[in-house]
$ cat run_14.txt   # compact mmCIF, C-alpha atoms
# COMPACT_ATOMS: atom_id res chain seq x y z
CA MET T 1 100.19 89.63 119.41
CA THR T 2 99.22 86.00 119.11
CA SER T 3 100.70 83.60 116.59
CA LYS T 4 97.20 82.83 115.30
CA ASP T 5 96.84 86.20 113.62
CA PRO T 6 97.07 86.04 109.84
CA LYS T 7 100.02 87.91 108.39
CA ILE T 8 99.24 90.93 106.26
CA PHE T 9 102.52 90.35 104.38
CA ALA T 10 103.26 86.68 103.80
CA PRO T 11 104.67 84.48 100.99
CA SER T 12 101.76 82.10 101.60
CA LYS T 13 99.46 84.55 99.82
CA VAL T 14 100.87 83.17 96.59
CA SER T 15 102.33 79.81 97.63
CA LEU T 16 98.93 78.46 98.67
CA HIS T 17 97.80 78.59 95.05
CA HIS T 18 99.57 75.41 93.94
CA ASP T 19 97.61 74.95 90.70
CA ARG T 20 98.51 78.45 89.51
CA ILE T 21 102.15 78.02 90.47
CA ASN T 22 102.45 74.69 88.66
CA ALA T 23 100.73 76.07 85.58
CA TYR T 24 103.02 79.10 85.59
CA LEU T 25 106.14 76.93 85.91
CA ASN T 26 104.89 74.83 82.99
CA GLY T 27 104.71 77.93 80.82
CA GLU T 28 100.91 78.15 80.81
CA ARG T 29 98.93 81.37 81.01
CA ILE T 30 97.45 82.04 84.43
CA TYR T 31 95.05 84.49 86.02
CA PRO T 32 96.46 86.60 88.87
CA VAL T 33 95.54 85.89 92.50
CA THR T 34 95.02 89.58 93.28
CA MET T 35 94.88 92.85 91.38
CA GLU T 36 95.79 96.17 92.96
CA LEU T 37 94.06 98.93 91.05
CA ASP T 38 94.48 102.70 91.32
CA LEU T 39 90.99 104.07 90.74
CA THR T 40 92.31 107.61 90.50
CA GLN T 41 95.46 109.68 90.69
CA ARG T 42 93.59 112.44 92.48
CA CYS T 43 93.93 112.68 96.24
CA THR T 44 92.25 114.63 99.03
CA GLN T 45 95.59 115.14 100.79
CA SER T 46 99.00 116.43 99.79
CA CYS T 47 101.61 114.44 101.71
CA LEU T 48 105.32 115.13 101.64
CA GLU T 49 107.36 112.55 99.72
CA CYS T 50 104.28 110.96 98.18
CA PRO T 51 105.57 108.04 96.06
CA TYR T 52 103.47 109.05 93.06
CA SER T 53 103.48 112.84 93.37
CA VAL T 54 105.17 113.24 90.00
CA GLY T 55 103.33 110.53 88.07
CA ARG T 56 99.92 111.53 89.38
CA ARG T 57 99.98 115.10 88.13
CA PRO T 58 97.61 114.39 85.22
CA GLY T 59 94.85 113.45 87.72
CA LEU T 60 93.55 110.45 85.77
CA THR T 61 90.50 108.45 86.93
CA LEU T 62 89.35 105.08 85.61
CA GLN T 63 85.83 105.05 84.17
CA LEU T 64 83.11 102.42 84.42
CA PRO T 65 83.24 101.13 80.78
CA PHE T 66 86.93 100.25 81.20
CA LEU T 67 86.31 98.67 84.61
CA GLU T 68 83.34 96.70 83.28
CA LYS T 69 85.57 95.02 80.69
CA LEU T 70 88.48 94.45 83.08
CA PHE T 71 86.33 93.05 85.89
CA SER T 72 84.45 90.80 83.47
CA ILE T 73 87.74 89.18 82.42
CA LEU T 74 89.37 88.84 85.83
CA GLY T 75 86.45 88.64 88.27
CA PRO T 76 85.46 85.01 87.68
CA HIS T 77 89.06 83.80 88.05
CA THR T 78 90.80 86.23 90.43
CA THR T 79 90.10 86.02 94.15
CA GLY T 80 91.00 89.50 95.35
CA ILE T 81 91.03 93.12 94.32
CA VAL T 82 92.65 96.04 96.14
CA LEU T 83 91.30 99.49 95.30
CA SER T 84 93.73 102.31 95.92
CA GLY T 85 94.73 105.65 94.50
CA GLY T 86 95.01 108.63 95.03
CA GLU T 87 91.97 108.50 97.25
CA PRO T 88 89.58 105.85 95.85
CA THR T 89 86.60 106.97 97.93
CA SER T 90 86.78 110.38 96.23
CA VAL T 91 85.76 108.89 92.88
CA PRO T 92 82.10 109.85 92.23
CA HIS T 93 81.26 106.35 91.01
CA PHE T 94 83.05 104.59 93.91
CA PRO T 95 79.87 102.80 95.14
CA LYS T 96 79.16 101.54 91.62
CA ILE T 97 82.74 100.28 91.27
CA ILE T 98 82.54 98.25 94.48
CA ALA T 99 79.16 96.81 93.48
CA LEU T 100 80.52 95.97 90.01
CA ALA T 101 83.55 94.17 91.46
CA ARG T 102 81.29 92.09 93.69
CA ALA T 103 78.88 91.32 90.83
CA LYS T 104 81.73 90.21 88.55
CA GLY T 105 82.98 87.61 91.01
CA PHE T 106 85.74 89.12 93.16
CA LYS T 107 85.46 87.43 96.56
CA GLU T 108 87.72 89.74 98.57
CA ILE T 109 87.47 93.49 98.02
CA ALA T 110 89.95 95.65 99.92
CA VAL T 111 90.03 99.45 99.95
CA ILE T 112 93.04 101.59 100.88
CA SER T 113 91.97 105.04 102.07
CA ASN T 114 93.39 108.05 103.88
CA GLY T 115 90.12 108.25 105.82
CA SER T 116 89.20 111.74 104.67
CA ARG T 117 85.80 110.72 103.26
CA LEU T 118 84.73 108.07 105.74
CA HIS T 119 82.15 110.50 107.10
CA LEU T 120 80.05 110.26 103.93
CA PRO T 121 77.00 107.96 104.30
CA GLU T 122 77.36 106.56 100.76
CA VAL T 123 80.99 105.62 101.42
CA GLN T 124 80.17 104.01 104.78
CA ASP T 125 77.22 102.08 103.33
CA THR T 126 79.27 100.80 100.40
CA LEU T 127 82.14 99.63 102.60
CA LEU T 128 79.87 97.92 105.13
CA GLU T 129 77.69 96.20 102.54
CA GLN T 130 80.17 95.25 99.81
CA ALA T 131 83.82 95.49 100.90
CA THR T 132 85.88 92.89 102.74
CA SER T 133 88.45 95.15 104.34
CA LEU T 134 89.38 98.79 104.73
CA ARG T 135 92.95 99.92 105.39
CA VAL T 136 93.16 103.45 106.72
CA SER T 137 96.54 105.05 106.14
CA MET T 138 97.26 107.26 109.17
CA TYR T 139 99.72 109.40 107.24
CA ASP T 140 99.48 112.41 109.56
CA TRP T 141 99.94 110.58 112.85
CA GLN T 142 103.40 112.06 113.41
CA ASP T 143 101.91 115.57 113.65
CA GLY T 144 100.17 114.70 116.91
CA GLU T 145 96.47 114.92 117.68
CA THR T 146 95.56 117.13 114.77
CA ASP T 147 91.96 117.79 113.79
CA SER T 148 92.18 115.49 110.75
CA PHE T 149 93.81 112.68 112.77
CA LEU T 150 91.14 112.79 115.49
CA LYS T 151 88.36 112.95 112.91
CA THR T 152 89.74 109.87 111.17
CA LEU T 153 89.72 107.96 114.47
CA LYS T 154 86.15 109.11 115.05
CA TRP T 155 84.97 107.75 111.71
CA ILE T 156 86.81 104.47 112.27
CA ASP T 157 84.95 104.16 115.57
CA ILE T 158 81.62 104.89 113.90
CA LEU T 159 82.29 102.36 111.14
CA ARG T 160 83.29 99.71 113.69
CA ASN T 161 80.11 100.31 115.72
CA ARG T 162 77.94 100.20 112.61
CA ALA T 163 79.59 96.96 111.48
CA GLY T 164 78.80 95.36 114.83
CA LYS T 165 75.19 96.50 114.84
CA GLU T 166 74.48 95.71 111.20
CA GLY T 167 76.30 92.38 111.02
CA SER T 168 78.88 93.57 108.50
CA LYS T 169 82.05 91.48 108.19
CA LEU T 170 84.14 94.48 107.16
CA GLU T 171 87.64 94.37 108.66
CA ILE T 172 89.18 97.73 109.49
CA GLY T 173 92.94 98.08 109.70
CA ALA T 174 95.32 100.99 110.07
CA ALA T 175 98.80 101.65 108.71
CA MET T 176 101.48 104.01 110.00
CA LEU T 177 104.63 105.17 108.24
CA THR T 178 107.79 105.16 110.37
CA ARG T 179 111.11 106.95 110.63
CA LYS T 180 113.65 107.64 113.37
CA GLU T 181 112.39 111.17 114.12
CA TRP T 182 108.89 109.91 114.94
CA SER T 183 109.72 106.77 116.89
CA HIS T 184 109.27 108.40 120.32
CA ARG T 185 105.57 108.97 119.54
CA LEU T 186 104.94 105.59 117.99
CA LYS T 187 103.84 103.82 121.17
CA PRO T 188 101.30 106.37 122.50
CA ILE T 189 99.79 106.96 119.08
CA GLY T 190 99.70 103.22 118.30
CA LEU T 191 97.86 102.52 121.55
CA GLN T 192 95.44 105.34 120.78
CA VAL T 193 94.65 104.00 117.30
CA MET T 194 93.99 100.49 118.64
CA LYS T 195 91.51 101.84 121.20
CA PHE T 196 89.23 102.77 118.34
CA GLY T 197 88.66 99.17 117.31
CA VAL T 198 90.99 98.47 114.40
CA ASP T 199 91.33 94.78 113.56
CA TRP T 200 95.02 95.17 112.82
CA LEU T 201 97.74 97.78 112.87
CA TYR T 202 100.88 97.57 110.78
CA PHE T 203 103.88 99.66 109.96
CA HIS T 204 106.06 100.35 106.96
CA PRO T 205 109.12 102.54 106.42
CA TYR T 206 108.84 106.12 105.27
CA CYS T 207 110.87 106.52 102.09
CA ILE T 208 112.41 109.59 100.51
CA GLN T 209 113.87 110.75 97.18
CA TRP T 210 110.94 109.43 95.15
CA GLU T 211 111.79 111.79 92.31
CA SER T 212 115.18 110.10 91.89
CA GLU T 213 115.87 106.83 90.11
CA ARG T 214 116.36 105.02 93.42
CA PRO T 215 114.23 106.06 96.40
CA ILE T 216 115.67 105.13 99.78
CA GLN T 217 114.35 104.55 103.28
CA ALA T 218 114.48 107.42 105.72
CA ASP T 219 116.54 106.59 108.82
CA GLN T 220 114.68 103.81 110.66
CA SER T 221 117.00 103.64 113.69
CA GLY T 222 115.08 102.68 116.81
CA VAL T 223 111.80 102.08 114.99
CA LEU T 224 111.63 98.31 115.44
CA ALA T 225 112.52 98.70 119.12
CA ALA T 226 109.69 101.24 119.50
CA ILE T 227 107.24 98.82 117.86
CA GLU T 228 108.34 96.02 120.16
CA ASP T 229 107.77 98.37 123.11
CA LEU T 230 104.27 99.04 121.79
CA ILE T 231 103.57 95.31 121.56
CA ARG T 232 104.62 94.77 125.16
CA ASP T 233 102.07 97.30 126.44
CA ALA T 234 99.29 96.58 123.95
CA PRO T 235 96.29 94.43 124.93
CA ALA T 236 96.94 90.71 124.50
CA THR T 237 94.30 90.52 121.75
CA SER T 238 96.00 93.19 119.63
CA ASN T 239 97.00 92.26 116.09
CA ILE T 240 100.15 94.26 115.39
CA GLN T 241 101.89 93.45 112.13
CA ILE T 242 105.60 94.05 111.56
CA PRO T 243 106.87 93.37 108.03
CA TYR T 244 110.49 92.88 109.11
CA GLU T 245 111.62 92.31 105.53
CA ARG T 246 110.69 95.88 104.65
CA TYR T 247 113.10 97.17 107.27
CA SER T 248 116.01 95.16 105.92
CA LYS T 249 119.02 97.12 104.66
CA GLU T 250 120.06 94.37 102.27
CA PRO T 251 120.15 95.50 98.62
CA LEU T 252 117.42 94.04 96.43
CA PHE T 253 118.11 92.38 93.12
CA PHE T 254 115.50 90.67 90.97
CA LYS T 255 116.64 88.45 88.12
CA HIS T 256 113.02 87.65 87.25
CA LEU T 257 109.75 89.25 88.36
CA HIS T 258 107.65 86.16 89.01
CA GLY T 259 105.39 87.93 91.50
CA SER T 260 104.02 90.33 88.89
CA HIS T 261 102.16 87.41 87.30
CA PHE T 262 100.29 86.64 90.53
CA LEU T 263 99.78 90.05 92.16
CA ILE T 264 99.29 92.48 89.31
CA GLN T 265 99.40 96.27 89.55
CA VAL T 266 97.23 98.50 87.40
CA GLY T 267 97.45 102.29 87.42
CA ALA T 268 94.73 104.88 86.93
CA ASP T 269 96.02 105.17 83.37
CA GLY T 270 94.89 101.60 82.65
CA VAL T 271 98.44 100.26 82.36
CA ASN T 272 99.70 97.08 84.05
CA TYR T 273 103.04 97.81 85.77
CA ALA T 274 105.74 95.53 87.15
CA GLY T 275 105.09 96.55 90.76
CA PRO T 276 103.42 99.09 93.05
CA GLU T 277 106.56 101.19 93.59
CA CYS T 278 107.11 101.74 89.87
CA LYS T 279 103.61 102.63 88.71
CA TYR T 280 103.49 105.51 86.21
CA ASN T 281 107.08 104.89 85.17
CA GLY T 282 107.01 103.94 81.52
CA ALA T 283 110.16 101.84 81.83
CA TYR T 284 108.19 99.37 83.98
CA ALA T 285 104.97 99.22 81.94
CA LEU T 286 104.09 95.62 81.06
CA LEU T 287 100.81 95.96 79.19
CA ASN T 288 98.51 98.81 78.18
CA LEU T 289 95.09 97.40 79.01
CA ASN T 290 93.37 100.21 77.11
CA GLU T 291 94.54 98.50 73.93

$ encode --input "run_14.txt" --output "structure tokens"
Amino acid sequence: MTSKDPKIFAPSKVSLHHDRINAYLNGERIYPVTMELDLTQRCTQSCLECPYSVGRRPGLTLQLPFLEKLFSILGPHTTGIVLSGGEPTSVPHFPKIIALARAKGFKEIAVISNGSRLHLPEVQDTLLEQATSLRVSMYDWQDGETDSFLKTLKWIDILRNRAGKEGSKLEIGAAMLTRKEWSHRLKPIGLQVMKFGVDWLYFHPYCIQWESERPIQADQSGVLAAIEDLIRDAPATSNIQIPYERYSKEPLFFKHLHGSHFLIQVGADGVNYAGPECKYNGAYALLNLNE
């Protein structure tokens, strides 16, 4: 991995916006830099220890009239939008949502997907024509070369080839959850994923006990060593991202949540929450945008 690669996780994502920071410190109202938006609570997969398995039971989906108003307010002033879920590509009006975000002024449009609907022509066309980046969450990689895993790699390959032929600037990345029990497979699977043309590959810890008040990381012993081993054998041009801070065992304490003013989180219920890990928890609701 070269030092020239941009970091997926970096403080500079906020600290580069000096005008916003100064205005915020002066007590002025500011527009966020980025909004992460759950288009739906519905998902095409049922993963163990899903962070939002409890909160997503209602199966809510944001509708176009709400998004029209929200995008009209934020689009001209907010650089980026991240569309997640649930599975955002499963929303029937997904192509219209992407087109609306682009029309309202968002310059960077990222989509987080589990890859299950990348075979659909309307999804491929929308991503290639309108989106900036696609992050495919390889949440079943630990099960080996399953049918769904191999199909996801196939559709990544097809998207990458189409992007090259059609002149699309879509970046395609992949993410893998980690824990001690899976670390022995991390290197071979990581090398396999990169062969299919992803622009970047990054890792984050698998967490457990999401239904409790305080979820915790699963045992991550040996994971960072396995990732370093992967880097040593990966092609020199590979962009492998390691968010070391996420693997820290230091307890977290926040006296103030400054970041929630710059990188805002909105659930499929139309509520702005304090952070991505606490969406759908009423104790962390900041503003009901439906009102």

$ closest_residue --input "run_14.txt" --among "T:His258, T:Lys154, T:Lys279, T:Arg29" --to "Gly85 (chain T)" --atoms "all atoms listed in the file"
T:Lys279

$ closest_residue --input "run_14.txt" --among "T:Lys169, T:Lys249, T:Lys195, T:Lys151" --to "Ile109 (chain T)" --atoms "only C-alpha atoms"
T:Lys169

$ closest_atom_pairs --input "run_14.txt" --of "region 215-271 of chain T" --to "region 69-74 of chain T" --cutoff "12 Å" --atoms "all atoms listed in the file" --output "CSV"
residue,atom,partner,partner_atom,distance
T:Ile264,CA,T:Leu74,CA,11.1
T:Val266,CA,T:Leu70,CA,10.6
T:Gly270,CA,T:Leu70,CA,9.6
T:Val271,CA,T:Leu70,CA,11.6

$ closest_residue --input "run_14.txt" --among "T:His77, T:Arg232, T:Arg162, T:Arg42" --to "Phe262 (chain T)" --atoms "all atoms listed in the file"
T:His77

$ axis_aligned_box --input "run_14.txt" --around "region 27-33 of chain T" --padding-each-side "4 Å" --output "AutoDock Vina command-line options"
--center_x 99.9 --center_y 82.3 --center_z 86.7 --size_x 17.7 --size_y 16.7 --size_z 19.7

$ closest_residue --input "run_14.txt" --among "T:Leu191, T:Leu128, T:Ala234, T:Leu118" --to "Gly164 (chain T)" --atoms "all atoms listed in the file"
T:Leu128

$ atom_distance --input "run_14.txt" --atom1 "CA of Thr40 (chain T)" --atom2 "CA of Ala268 (chain T)"
5.1 Å

$ atom_distance --input "run_14.txt" --atom1 "CA of Lys96 (chain T)" --atom2 "CA of Leu159 (chain T)"
19.8 Å

$ residues_near_point --input "run_14.txt" --point "(105.3, 115.1, 109.4)" --cutoff "9 Å" --atoms "all atoms listed in the file" --output "list in words"
Cys47, Leu48, Tyr139, Asp140, Trp141, Gln142, Asp143 and Trp182 of chain T

$ closest_residue --input "run_14.txt" --among "T:Glu166, T:Leu263, T:Gly115, T:Tyr206" --to "Arg20 (chain T)" --atoms "all atoms listed in the file"
T:Leu263

$ atom_distance --input "run_14.txt" --atom1 "CA of His119 (chain T)" --atom2 "CA of Lys187 (chain T)"
26.7 Å

$ residues_around --input "run_14.txt" --residues "Ile172 (chain T)" --least-positions-apart "5" --cutoff "7 Å" --atoms "only C-alpha atoms" --output "list in words"
Ser133, Leu134, Arg135, Val198 and Asp199 of chain T

$ closest_residue --input "run_14.txt" --among "T:Pro251, T:Gly259, T:Gly190, T:Gly167" --to "Ala226 (chain T)" --atoms "only C-alpha atoms"
T:Gly190

$ residues_around --input "run_14.txt" --residues "Leu177 (chain T)" --least-positions-apart "4" --cutoff "6 Å" --atoms "all atoms listed in the file" --output "ChimeraX atom specification"
/T:203-206

$ residues_around --input "run_14.txt" --residues "Ile189 (chain T)" --least-positions-apart "3" --cutoff "10 Å" --atoms "all atoms listed in the file" --output "JSON, numbers by chain"
{"T": [141, 142, 144, 145, 176, 184, 185, 186, 192, 193, 194, 195, 230]}

$ closest_atom_pairs --input "run_14.txt" --of "region 114-204 of chain T" --to "region 101-107 of chain T" --cutoff "10 Å" --atoms "all atoms listed in the file" --output "Markdown table"
| residue | atom | partner | partner_atom | distance |
| --- | --- | --- | --- | --- |
| T:Gln130 | CA | T:Arg102 | CA | 7.0 |
| T:Ala131 | CA | T:Arg102 | CA | 8.4 |
| T:Thr132 | CA | T:Lys107 | CA | 8.3 |

$ residues_around --input "run_14.txt" --residues "Thr152 (chain T)" --least-positions-apart "4" --cutoff "9 Å" --atoms "only C-alpha atoms" --output "PyMOL selection string"
chain T and resi 114-119+136+138+147-148+156-157
